[in-house]
Structures are given as structure tokens and as C-alpha cells.
2 protein chains.
Amino acid sequence: MPELRKDPITGRWVIIATDRAKRPSDFVRDKVQIRGSGFCPFCAGNETKTPPEIMAYRNDGSRPNTPGWSLRVVPNKFPALGIEGSLNRQGEGLYDKMHGIGAHEVIIETPDHQQTLATLPVRKVEDVLWAYRDRIQDLKKDKRFRYILIFKNHGEAAGASLEHTHSQLIALPVVPMHVLEEVGGSREYYNYKERCIFCDINRQETEKGVRLISENQDFLAVCPFAPRFPFETWIIPKVHESAFEESQKHEFENLAVMLKDMLQRLDKVLDYPAYNYIVHTSPIQETSNDYYHWHMEIMPKLTKVAGFEWGTGFFINPTPPEESAHFLREAAIEAAAQS
Amino acid sequence: MPELRKDPITGRWVIIATDRAKRPSDFVRDKVQIRGSGFCPFCAGNETKTPPEIMAYRNDGSRPNTPGWSLRVVPNKFPALGIEGSLNRQGEGLYDKMHGIGAHEVIIETPDHQQTLATLPVRKVEDVLWAYRDRIQDLKKDKRFRYILIFKNHGEAAGASLEHTHSQLIALPVVPMHVLEEVGGSREYYNYKERCIFCDINRQETEKGVRLISENQDFLAVCPFAPRFPFETWIIPKVHESAFEESQKHEFENLAVMLKDMLQRLDKVLDYPAYNYIVHTSPIQETSNDYYHWHMEIMPKLTKVAGFEWGTGFFINPTPPEESAHFLREAAIEAAAQS
């Protein structure tokens, strides 16, 4: 019998198919492979083919927009939003609109076209996280912005238009819908229980273990109770912290270890799937709070999305999270033995 | 300068790209074509290859599960939910779950494999709408259900697994997230204004005309102010009615005309795109109300969905609805001249 499960944070119900649960090999899809053919504007030596860099990590004293960097942040060449101007909020009859003001940046994670975030050394993955933090801290000073979205599209099927490994940042003058839902749901739970719902989830998942994939000193990796997608994976800080960018050094270190480990496991279990991940953190104007707990959500792109989910917010997930977690947990043991 | 627009019903903000607005020919995609090769369980003569029919329209007195039908409703052979049993709502620590009870049915719109809903005679399109209504009325008697979703996936890119034209129905013991958002938003607006927001939208769109595609005696077709997708099209009844299934005969007649017309225009302007449509109607337990207004939303599948939209509820639409409406309006004139 299939099961209907409710996401405790947003209240979203999801159908979890239990009878004919899909295993990793049941998903037909294209393996993400680096072809490396053709010109790439993100490769070392092509710095002039992107807009001038906003920031870069350079250990050799090299000049901006020249080779020598290990990580580079540049404006998106085709930004969804414009950085200059005022919001100019206005009505149009019963409608509301404003200028599309915002920042749209690209974090080029390495100069090496052949790497992915799963194959980069842990220290370099940590640099990517520091770059997220540095850019968030800088953009938070701009009083026009309400939310900063950090996300990664890996593989064409997940929406990546360039294969050279990169993340994106969008700073927005509004808070996105799902963030409002998550923060609102967490606030409601807090008002009722006087506890953070994510802290409660951490406790229950650690105790039960069936959806736990891995843990280290600072982080848990779990398959959530009511996932929208097969093999959806969340990385949650163990200690309550509402904002990603307020993390401590040891936390960035341990997050890098955990993130690389999870991406390696997904590659192993699902044979190099396309995926998206998103940093879920508090809106800028409520950075420090007791009710919301930042985390990362990783969503492998395995299922053909029947467009009706868009219109309904209603998801059918063919793989129970307990099974996803089992496969990912087992992969861990092998990975550890290899390294 | 791109524009941020707020959907007045749900409060969702959307980025509308205005600078490099995409025209119909800018979208690269596969044309939906009927191949008709191989065995099809929905074709006349193959009635025994589906589960036994729930209902059929037969004018020739033919027996159930034999040829002679013009429309057939059967249970989905691979249902997402089970029809037998009790909900058995229960907790699991801080989580909530219940048995996956529900109905999952397929409406086979014609025995003719070569037709689409856009090419069927208007009278047959009307039959499809009557079938939706008949099934809703029947399933509403089941007290376990809270919502009945009617939707259509057309073309493989939109999630259709069989090309023979069909719609689907899912009866659920819960109300889907987006329905809750729409109904909640409409209720809030009503509480504040004492007017239905959709009735207000109809007035403003009729007066302005820039997003209006077409109208007939009972329906308007518009591109909404803050669409998530290029060429997203809504069909809205002119007179307030909260539930699809309560429509009058002349309304089903005029909806059939409007729906066929819109699908023909989309085929013409976008060269036979894959699409989804969804009937947005009131939850079963609040069928008759003053604040929510049923309508249909048609979403052509034109853009590659960067998976991050899933995680954020944040959409970037490369075509302003005023331009989509313009193209669809112009197509109308030609279509009318041809028929």
C-alpha cells in the first residue's frame, strides 16, 4: 500500500510508493560525463571571456582577470536581474510589480575543466563554501536585498548550460515562495513547541537511524521523511544555526567533508546523476533566530517530471527515503574502504 | 530592465525577462507527433488490455469493455494510490502519515489514436469535460476524499507515457499544497475586499486587453500577469463559480469551444508543443463559496526546467505574458479565417 506522508516543515503531502519501490538501477537517465570539447569561458586562460571578476582566490599574487586563481566569482553574463537602480515598487490595478533588481553571480569552483565538486580535494570544496559565505556577507550590505539564493545545477538534465563545474548566486529583493513556506512552518512549530523543528528532526533521525546516511562532528546527512524526489538528501548542522554564513570555521571544514562525501555516494549509487543543490538559509532580515535552521538540500534528477507537479505542488516519489538512505549508507562503507 | 511581478493570488514573485524576450521560434524543442507505431492499450479493440472500465460513453448499446465507445474511463493500471481501505492516520514521532488511499483514473478521450484534443470535434471535447464532471460527482460521494485533481499530460516532454490522447484524475484524502495556497490567497483577498480576486482579474484583463487572448459568452482566455512559464494560459469562467463540476450545460459547451481553440492556437504558434493542463477547482469540502473561482491552467513545456525552481518556488520567465498573449491573439484571426 502506498503511503501519504506530510513534510512536517511545510505541511506538503507526498505519495511514497512502497509496493514497486524503484531501486537505483531502475532509473533510466544519461550519466553526467565531462566532454571537455570546445571552448570554455570558465577555463584558466579565458578570463577575459567572462565579465570582470567580483572576487577570486589567488595564492600567487596574480592580477585580477588573469590566470593563477583557484576559484573565481564573476557576474552571470546573461543575468536574470539587473544590479543597478532602485526597486520602484508600484501597482498596476490589482497587480504589484517592481524593477528586476538583484545580483546574479557565478562561482567557478576550479580552473580545471575535468573536475567536479565530488572529485575536487576537500580543501577546495571548503573554498567553494567560503566563497558562498564571502559573497553573502558582501551582498547583505545592500539594503535592497531580502534573500540570497545559493544553488548548483550539475549536468544538463539539471539545467546546467556549461559543464565546467560552477555554482550560482542570486540576490533578490523578495523572499522566494518556498523559503517563506519553510520559514513560516518552522516559526509556527516553534511558537507551539518552543523548539526548533530541525533540531527535533535531528534528534529523531539520529535515534531511529533508518533515514540517516552519515554524520560527522558537525553535520548529519539524512533522506527526509517526506521527500519529493527519490534519493533527495539533506545535510543539516547538528547545532542550531539559522544562517549559513554565520557558520564557524570547523563547520565549513566538516561541511566540505560531508558535501564531498554525499556527492561521491550519489555518483557511486546512481552512476553520476545530474543533480541540483540549494542552500536553505534564513532571509536577510531575520538572519539570527531560534526557529529556522539552515541546511542544504540535494536533489538528484532521476525522474521525468510530469509537469503537473508544477501546477499542483503534489509529488509522487517512487522510492521510500528509508531505501534511498540504505543504498547511500552502504555506499559509504565501500567509499571509505577505497580511500 | 527585467521586472519582478507578484501573482496576486498566491503571492509568488516571478522574474519576467523583458530585454531579450523569447519569441515562439526561440524555444528549441521536440514537436509532439503521433507515431502510432506499436501496440496501444487505449485503442478500440484492445479494451481487455486495460483494467475494466469505470464508465464509458456508448451510443450504440455496445457492452462494457468491448468496442463501440466514444470515450472510456478506466482505472490507471499503475495507480499511485490504492482505492480500498481506510486512511489510518497516524504519527511517527513528530511526523504524520496515512495509507495512500485514493483513486487514479484515466480518461481515454477518443478511440482514435490519430486524434489530439486539439483536432477532435468540439462536441467530443465537450464529452471529455462531461466525463470529468461525471467522475468528480461520483467520487465526491466517497467521504475519504478531500480533493479531486484533473490534469492532462500531452507529449512525452510533459510526462505522457502513452501517446494516445488521454487525461487523468487523482482523488486524494488531502488537499495539495498549491491548491491550499490558491484557495487561501483568494480567501484572504475576499476577507479584505469582499470581492472574488478572479472576478477582479477578469474585469481588469477585459478592460486592459493586453493579456487577453480570446473570449466567448462564458469564458475568458488570458495570459496571467505573473506567469511561471512562457505562454502559460488560463481559461476563466466569466461568472463566479467555485466548482468546475457545478457548471451549466452552456458553460461546458463554451468551455469545449474555448479549450479546443486555445490548444489549436498553441499548436499553431508553438508548433505542436508538449503541454500540461490542470483544472483548478475548490476542495470537496468547500465546493460552494464566494472567494474561490475555478479555472483551467495550460502550461506549454518550452523551457528546460533548471531543477532549482523545485527547491525555491522561484521562477524566471523569458517571455512577458503581454507578448505571449499577442502571439496567441494573432493566431486566432488566422485560425478563424481557416475554419
# chains A, B, ... in the order shown; residues from 1 in each chain; ligands from 1
$ calpha_fit_and_write --fixed "chain B" --moving "chain A" --output "compact mmCIF listing (two decimals) with C-alpha atoms, in the first residue's frame"
# COMPACT_ATOMS: atom_id res chain seq x y z
CA MET A 1 15.26 46.02 -17.24
CA PRO A 2 13.70 42.73 -16.10
CA GLU A 3 10.56 43.01 -14.00
CA LEU A 4 9.58 41.29 -10.77
CA ARG A 5 5.88 40.56 -10.72
CA LYS A 6 3.74 39.17 -7.96
CA ASP A 7 0.99 36.68 -8.59
CA PRO A 8 -1.92 38.35 -6.75
CA ILE A 9 -3.49 35.03 -5.75
CA THR A 10 -0.57 33.13 -4.22
CA GLY A 11 1.86 36.00 -3.57
CA ARG A 12 4.58 34.26 -5.64
CA TRP A 13 7.13 36.63 -7.20
CA VAL A 14 8.35 35.81 -10.71
CA ILE A 15 11.13 37.37 -12.79
CA ILE A 16 9.84 38.41 -16.20
CA ALA A 17 12.69 38.94 -18.65
CA THR A 18 11.84 41.90 -20.81
CA ASP A 19 15.13 42.74 -22.53
CA ARG A 20 15.79 39.63 -24.51
CA ALA A 21 12.21 38.35 -24.57
CA LYS A 22 11.98 34.96 -26.20
CA ARG A 23 9.69 34.62 -29.18
CA PRO A 24 7.98 31.35 -30.11
CA SER A 25 10.74 30.35 -32.53
CA ASP A 26 13.44 30.86 -29.88
CA PHE A 27 12.38 27.77 -27.96
CA VAL A 28 14.17 24.64 -29.10
CA ARG A 29 12.10 21.54 -28.49
CA ASP A 30 10.65 18.39 -29.97
CA LYS A 31 7.37 18.74 -31.81
CA VAL A 32 4.72 16.38 -30.44
CA GLN A 33 3.88 14.00 -33.25
CA ILE A 34 1.70 10.92 -33.20
CA ARG A 35 3.79 7.98 -34.30
CA GLY A 36 1.14 5.33 -33.80
CA SER A 37 3.65 2.54 -34.07
CA GLY A 38 3.29 -0.48 -31.83
CA PHE A 39 0.53 -1.79 -29.64
CA CYS A 40 -1.74 0.70 -27.80
CA PRO A 41 -3.97 -0.39 -24.90
CA PHE A 42 -6.19 2.68 -25.35
CA CYS A 43 -7.18 1.88 -28.94
CA ALA A 44 -10.57 0.41 -29.89
CA GLY A 45 -10.38 -3.38 -29.84
CA ASN A 46 -7.86 -3.52 -26.99
CA GLU A 47 -10.39 -2.95 -24.19
CA THR A 48 -9.25 -6.06 -22.32
CA LYS A 49 -5.73 -4.65 -22.02
CA THR A 50 -6.84 -2.00 -19.53
CA PRO A 51 -8.46 -2.65 -16.14
CA PRO A 52 -12.28 -2.97 -16.55
CA GLU A 53 -13.92 0.35 -17.41
CA ILE A 54 -15.49 2.52 -14.71
CA MET A 55 -17.64 4.37 -17.21
CA ALA A 56 -17.93 4.83 -20.96
CA TYR A 57 -19.93 6.89 -23.43
CA ARG A 58 -21.53 4.42 -25.86
CA ASN A 59 -24.27 5.41 -28.28
CA ASP A 60 -24.70 2.03 -29.91
CA GLY A 61 -25.75 -0.08 -26.93
CA SER A 62 -22.46 -1.98 -27.03
CA ARG A 63 -21.42 -3.89 -23.92
CA PRO A 64 -18.79 -2.65 -21.43
CA ASN A 65 -15.18 -3.41 -22.30
CA THR A 66 -15.91 -4.04 -25.95
CA PRO A 67 -15.57 -1.66 -28.93
CA GLY A 68 -18.34 0.85 -29.69
CA TRP A 69 -17.41 3.54 -27.17
CA SER A 70 -16.53 7.14 -27.92
CA LEU A 71 -14.94 7.86 -24.51
CA ARG A 72 -13.80 5.49 -21.80
CA VAL A 73 -12.72 5.90 -18.16
CA VAL A 74 -10.57 3.14 -16.66
CA PRO A 75 -8.50 2.79 -13.49
CA ASN A 76 -4.85 3.60 -14.02
CA LYS A 77 -3.06 0.27 -14.49
CA PHE A 78 -0.21 1.51 -12.29
CA PRO A 79 -2.10 3.61 -9.76
CA ALA A 80 -0.22 5.98 -7.47
CA LEU A 81 -2.85 5.30 -4.78
CA GLY A 82 -5.00 2.35 -3.70
CA ILE A 83 -8.78 2.59 -3.68
CA GLU A 84 -9.52 0.03 -0.92
CA GLY A 85 -9.07 0.55 2.80
CA SER A 86 -9.19 3.17 5.50
CA LEU A 87 -6.89 6.16 5.84
CA ASN A 88 -5.47 5.11 9.19
CA ARG A 89 -3.94 8.49 9.98
CA GLN A 90 -1.08 8.08 12.42
CA GLY A 91 2.01 9.71 13.83
CA GLU A 92 5.61 8.52 13.78
CA GLY A 93 7.36 10.68 16.33
CA LEU A 94 7.01 14.20 14.98
CA TYR A 95 5.93 12.97 11.54
CA ASP A 96 2.44 12.32 10.14
CA LYS A 97 1.37 9.71 7.65
CA MET A 98 -1.62 7.74 6.38
CA HIS A 99 -2.39 4.96 3.96
CA GLY A 100 -2.13 6.01 0.35
CA ILE A 101 -5.86 5.78 -0.31
CA GLY A 102 -7.23 7.41 -3.41
CA ALA A 103 -8.46 6.93 -6.95
CA HIS A 104 -6.28 7.19 -10.02
CA GLU A 105 -8.24 7.04 -13.27
CA VAL A 106 -7.54 7.56 -16.94
CA ILE A 107 -9.98 9.30 -19.27
CA ILE A 108 -9.40 7.93 -22.78
CA GLU A 109 -10.72 10.83 -24.84
CA THR A 110 -11.33 9.01 -28.13
CA PRO A 111 -10.85 5.51 -29.58
CA ASP A 112 -8.93 7.09 -32.48
CA HIS A 113 -5.18 7.00 -31.95
CA GLN A 114 -4.56 9.71 -34.56
CA GLN A 115 -6.50 12.47 -32.78
CA THR A 116 -5.42 15.01 -30.20
CA LEU A 117 -7.72 17.11 -28.05
CA ALA A 118 -7.00 19.98 -30.45
CA THR A 119 -8.14 18.01 -33.50
CA LEU A 120 -11.23 16.30 -32.01
CA PRO A 121 -14.61 17.84 -32.95
CA VAL A 122 -15.85 20.37 -30.36
CA ARG A 123 -18.69 18.03 -29.42
CA LYS A 124 -16.15 15.35 -28.45
CA VAL A 125 -14.09 17.83 -26.43
CA GLU A 126 -17.29 18.68 -24.59
CA ASP A 127 -17.74 14.96 -23.83
CA VAL A 128 -14.32 14.92 -22.19
CA LEU A 129 -15.45 17.77 -19.92
CA TRP A 130 -18.67 15.93 -19.10
CA ALA A 131 -16.64 12.86 -18.23
CA TYR A 132 -14.54 14.94 -15.81
CA ARG A 133 -17.76 16.20 -14.24
CA ASP A 134 -19.39 12.78 -14.02
CA ARG A 135 -16.35 11.23 -12.36
CA ILE A 136 -15.99 14.14 -9.91
CA GLN A 137 -19.67 13.92 -8.95
CA ASP A 138 -19.31 10.18 -8.36
CA LEU A 139 -16.07 10.35 -6.37
CA LYS A 140 -17.30 13.23 -4.20
CA LYS A 141 -19.66 10.72 -2.55
CA ASP A 142 -16.63 8.96 -1.06
CA LYS A 143 -16.14 10.69 2.28
CA ARG A 144 -12.45 9.77 2.43
CA PHE A 145 -11.58 12.24 -0.33
CA ARG A 146 -10.78 15.94 0.05
CA TYR A 147 -9.66 16.89 -3.43
CA ILE A 148 -10.06 15.69 -6.99
CA LEU A 149 -7.30 16.63 -9.41
CA ILE A 150 -8.01 16.63 -13.14
CA PHE A 151 -5.00 17.02 -15.38
CA LYS A 152 -3.60 16.21 -18.77
CA ASN A 153 -0.02 15.49 -19.81
CA HIS A 154 0.33 15.90 -23.58
CA GLY A 155 3.57 14.74 -25.18
CA GLU A 156 6.48 12.85 -23.72
CA ALA A 157 8.26 16.03 -22.57
CA ALA A 158 5.19 16.83 -20.44
CA GLY A 159 5.23 13.40 -18.82
CA ALA A 160 2.79 11.45 -21.02
CA SER A 161 3.85 7.80 -21.09
CA LEU A 162 1.32 6.80 -23.78
CA GLU A 163 0.72 8.97 -26.83
CA HIS A 164 -2.98 8.04 -27.29
CA THR A 165 -4.76 11.18 -26.11
CA HIS A 166 -5.98 10.89 -22.50
CA SER A 167 -6.46 12.84 -19.28
CA GLN A 168 -6.02 11.71 -15.69
CA LEU A 169 -7.91 12.04 -12.45
CA ILE A 170 -6.49 11.61 -8.97
CA ALA A 171 -8.80 11.70 -5.94
CA LEU A 172 -6.89 12.50 -2.76
CA PRO A 173 -7.57 12.34 0.98
CA VAL A 174 -5.61 15.61 1.35
CA VAL A 175 -5.63 18.98 -0.40
CA PRO A 176 -2.48 19.59 -2.50
CA MET A 177 -0.14 22.40 -1.43
CA HIS A 178 -0.71 24.76 -4.35
CA VAL A 179 -4.46 24.39 -4.05
CA LEU A 180 -4.22 25.37 -0.39
CA GLU A 181 -2.13 28.38 -1.40
CA GLU A 182 -4.54 29.48 -4.10
CA VAL A 183 -7.65 28.95 -2.04
CA GLY A 184 -6.00 30.57 0.99
CA GLY A 185 -4.84 33.58 -1.03
CA SER A 186 -8.28 34.00 -2.59
CA ARG A 187 -9.93 33.77 0.82
CA GLU A 188 -7.60 36.44 2.21
CA TYR A 189 -8.39 38.78 -0.68
CA TYR A 190 -12.09 38.17 -0.20
CA ASN A 191 -11.88 38.87 3.51
CA TYR A 192 -10.19 42.19 2.74
CA LYS A 193 -12.14 43.33 -0.33
CA GLU A 194 -15.35 41.30 -0.16
CA ARG A 195 -14.83 40.52 -3.83
CA CYS A 196 -13.53 37.44 -5.63
CA ILE A 197 -9.98 38.05 -6.88
CA PHE A 198 -10.61 36.14 -10.11
CA CYS A 199 -13.70 38.27 -10.82
CA ASP A 200 -11.46 41.32 -10.31
CA ILE A 201 -8.82 39.84 -12.62
CA ASN A 202 -11.48 39.22 -15.26
CA ARG A 203 -12.61 42.83 -15.04
CA GLN A 204 -9.09 44.26 -15.24
CA GLU A 205 -7.96 41.98 -18.07
CA THR A 206 -11.07 42.68 -20.12
CA GLU A 207 -10.61 46.42 -19.67
CA LYS A 208 -6.86 46.43 -20.41
CA GLY A 209 -6.87 43.83 -23.14
CA VAL A 210 -3.07 43.39 -23.34
CA ARG A 211 -3.09 39.92 -21.80
CA LEU A 212 -6.48 38.87 -23.16
CA ILE A 213 -6.30 36.19 -25.85
CA SER A 214 -9.94 35.50 -26.55
CA GLU A 215 -13.39 35.47 -25.03
CA ASN A 216 -16.75 33.89 -25.70
CA GLN A 217 -20.12 34.06 -23.96
CA ASP A 218 -18.94 32.24 -20.83
CA PHE A 219 -15.13 32.28 -20.76
CA LEU A 220 -12.04 34.45 -20.98
CA ALA A 221 -8.63 33.16 -22.04
CA VAL A 222 -5.73 35.22 -20.70
CA CYS A 223 -2.01 35.05 -20.13
CA PRO A 224 -1.75 35.75 -16.38
CA PHE A 225 0.11 38.83 -15.08
CA ALA A 226 2.86 36.82 -13.32
CA PRO A 227 3.15 33.53 -15.22
CA ARG A 228 5.75 30.96 -14.21
CA PHE A 229 6.15 29.73 -17.78
CA PRO A 230 6.23 31.29 -21.26
CA PHE A 231 2.83 31.06 -22.98
CA GLU A 232 1.10 29.94 -19.77
CA THR A 233 -2.63 30.39 -20.46
CA TRP A 234 -5.63 30.46 -18.13
CA ILE A 235 -9.24 29.87 -19.08
CA ILE A 236 -11.53 31.57 -16.54
CA PRO A 237 -15.35 31.46 -16.34
CA LYS A 238 -16.81 34.96 -16.63
CA VAL A 239 -19.44 34.40 -13.95
CA HIS A 240 -18.33 33.45 -10.44
CA GLU A 241 -18.45 29.71 -9.84
CA SER A 242 -16.27 27.98 -7.26
CA ALA A 243 -16.51 24.40 -8.55
CA PHE A 244 -15.88 23.10 -12.06
CA GLU A 245 -18.43 20.30 -11.68
CA GLU A 246 -21.27 22.75 -10.90
CA SER A 247 -21.00 24.31 -14.37
CA GLN A 248 -24.12 24.60 -16.54
CA LYS A 249 -24.60 22.90 -19.90
CA HIS A 250 -23.96 26.09 -21.87
CA GLU A 251 -20.76 26.54 -19.91
CA PHE A 252 -19.45 23.09 -20.82
CA GLU A 253 -20.34 23.86 -24.43
CA ASN A 254 -18.47 27.15 -24.40
CA LEU A 255 -15.55 25.71 -22.44
CA ALA A 256 -15.14 23.00 -25.09
CA VAL A 257 -15.04 25.68 -27.79
CA MET A 258 -12.53 27.75 -25.84
CA LEU A 259 -10.30 24.82 -24.85
CA LYS A 260 -10.09 23.44 -28.38
CA ASP A 261 -9.43 26.94 -29.71
CA MET A 262 -6.60 27.55 -27.20
CA LEU A 263 -4.96 24.19 -27.91
CA GLN A 264 -5.14 24.90 -31.65
CA ARG A 265 -3.55 28.29 -31.14
CA LEU A 266 -0.75 26.79 -29.06
CA ASP A 267 -0.16 24.18 -31.77
CA LYS A 268 -0.06 26.91 -34.38
CA VAL A 269 2.12 29.43 -32.54
CA LEU A 270 4.47 26.98 -30.84
CA ASP A 271 4.49 24.20 -33.46
CA TYR A 272 2.79 21.39 -31.53
CA PRO A 273 4.31 21.79 -28.09
CA ALA A 274 4.08 19.32 -25.22
CA TYR A 275 1.83 20.77 -22.53
CA ASN A 276 0.10 20.13 -19.23
CA TYR A 277 -3.23 21.45 -18.18
CA ILE A 278 -4.83 21.31 -14.78
CA VAL A 279 -8.36 22.05 -13.65
CA HIS A 280 -8.09 24.27 -10.57
CA THR A 281 -11.30 23.83 -8.58
CA SER A 282 -12.43 24.10 -4.96
CA PRO A 283 -11.68 21.38 -2.40
CA ILE A 284 -14.59 18.96 -1.96
CA GLN A 285 -15.46 20.20 1.48
CA GLU A 286 -15.84 23.81 0.38
CA THR A 287 -17.43 23.27 -3.04
CA SER A 288 -19.66 26.30 -2.94
CA ASN A 289 -18.05 29.55 -1.84
CA ASP A 290 -17.71 33.22 -2.76
CA TYR A 291 -13.92 33.51 -2.64
CA TYR A 292 -12.52 30.86 -5.00
CA HIS A 293 -13.20 30.76 -8.72
CA TRP A 294 -12.43 27.61 -10.67
CA HIS A 295 -10.34 27.86 -13.85
CA MET A 296 -8.02 25.89 -16.11
CA GLU A 297 -4.28 26.48 -16.40
CA ILE A 298 -2.48 25.38 -19.56
CA MET A 299 1.32 25.22 -19.40
CA PRO A 300 3.24 24.53 -22.62
CA LYS A 301 6.50 22.75 -21.86
CA LEU A 302 9.01 25.01 -23.59
CA THR A 303 11.83 25.70 -21.19
CA LYS A 304 14.32 23.31 -19.73
CA VAL A 305 13.42 23.38 -16.09
CA ALA A 306 16.53 24.19 -14.07
CA GLY A 307 15.75 21.97 -11.14
CA PHE A 308 16.41 24.73 -8.68
CA GLU A 309 12.91 26.10 -9.29
CA TRP A 310 11.67 22.97 -7.51
CA GLY A 311 13.58 23.83 -4.43
CA THR A 312 12.85 27.51 -4.32
CA GLY A 313 9.46 28.08 -5.90
CA PHE A 314 11.21 30.82 -7.76
CA PHE A 315 10.65 31.21 -11.50
CA ILE A 316 12.35 33.09 -14.30
CA ASN A 317 10.09 33.53 -17.30
CA PRO A 318 11.80 34.60 -20.53
CA THR A 319 8.60 35.76 -22.28
CA PRO A 320 6.34 38.55 -20.93
CA PRO A 321 2.68 37.48 -20.90
CA GLU A 322 1.77 40.53 -22.98
CA GLU A 323 3.90 39.10 -25.80
CA SER A 324 2.58 35.56 -25.36
CA ALA A 325 -0.96 36.93 -25.48
CA HIS A 326 -0.15 38.95 -28.59
CA PHE A 327 1.11 35.89 -30.48
CA LEU A 328 -1.85 33.78 -29.37
CA ARG A 329 -4.35 36.54 -30.20
CA GLU A 330 -2.94 36.95 -33.72
CA ALA A 331 -3.03 33.20 -34.29
CA ALA A 332 -6.74 33.35 -33.57
CA ILE A 333 -7.50 35.54 -36.52
CA GLU A 334 -5.78 33.18 -38.92
CA ALA A 335 -7.41 30.14 -37.35
CA ALA A 336 -10.83 31.72 -37.69
CA ALA A 337 -10.18 32.52 -41.34
CA GLN A 338 -9.21 28.93 -42.04
CA SER A 339 -12.13 27.17 -40.45
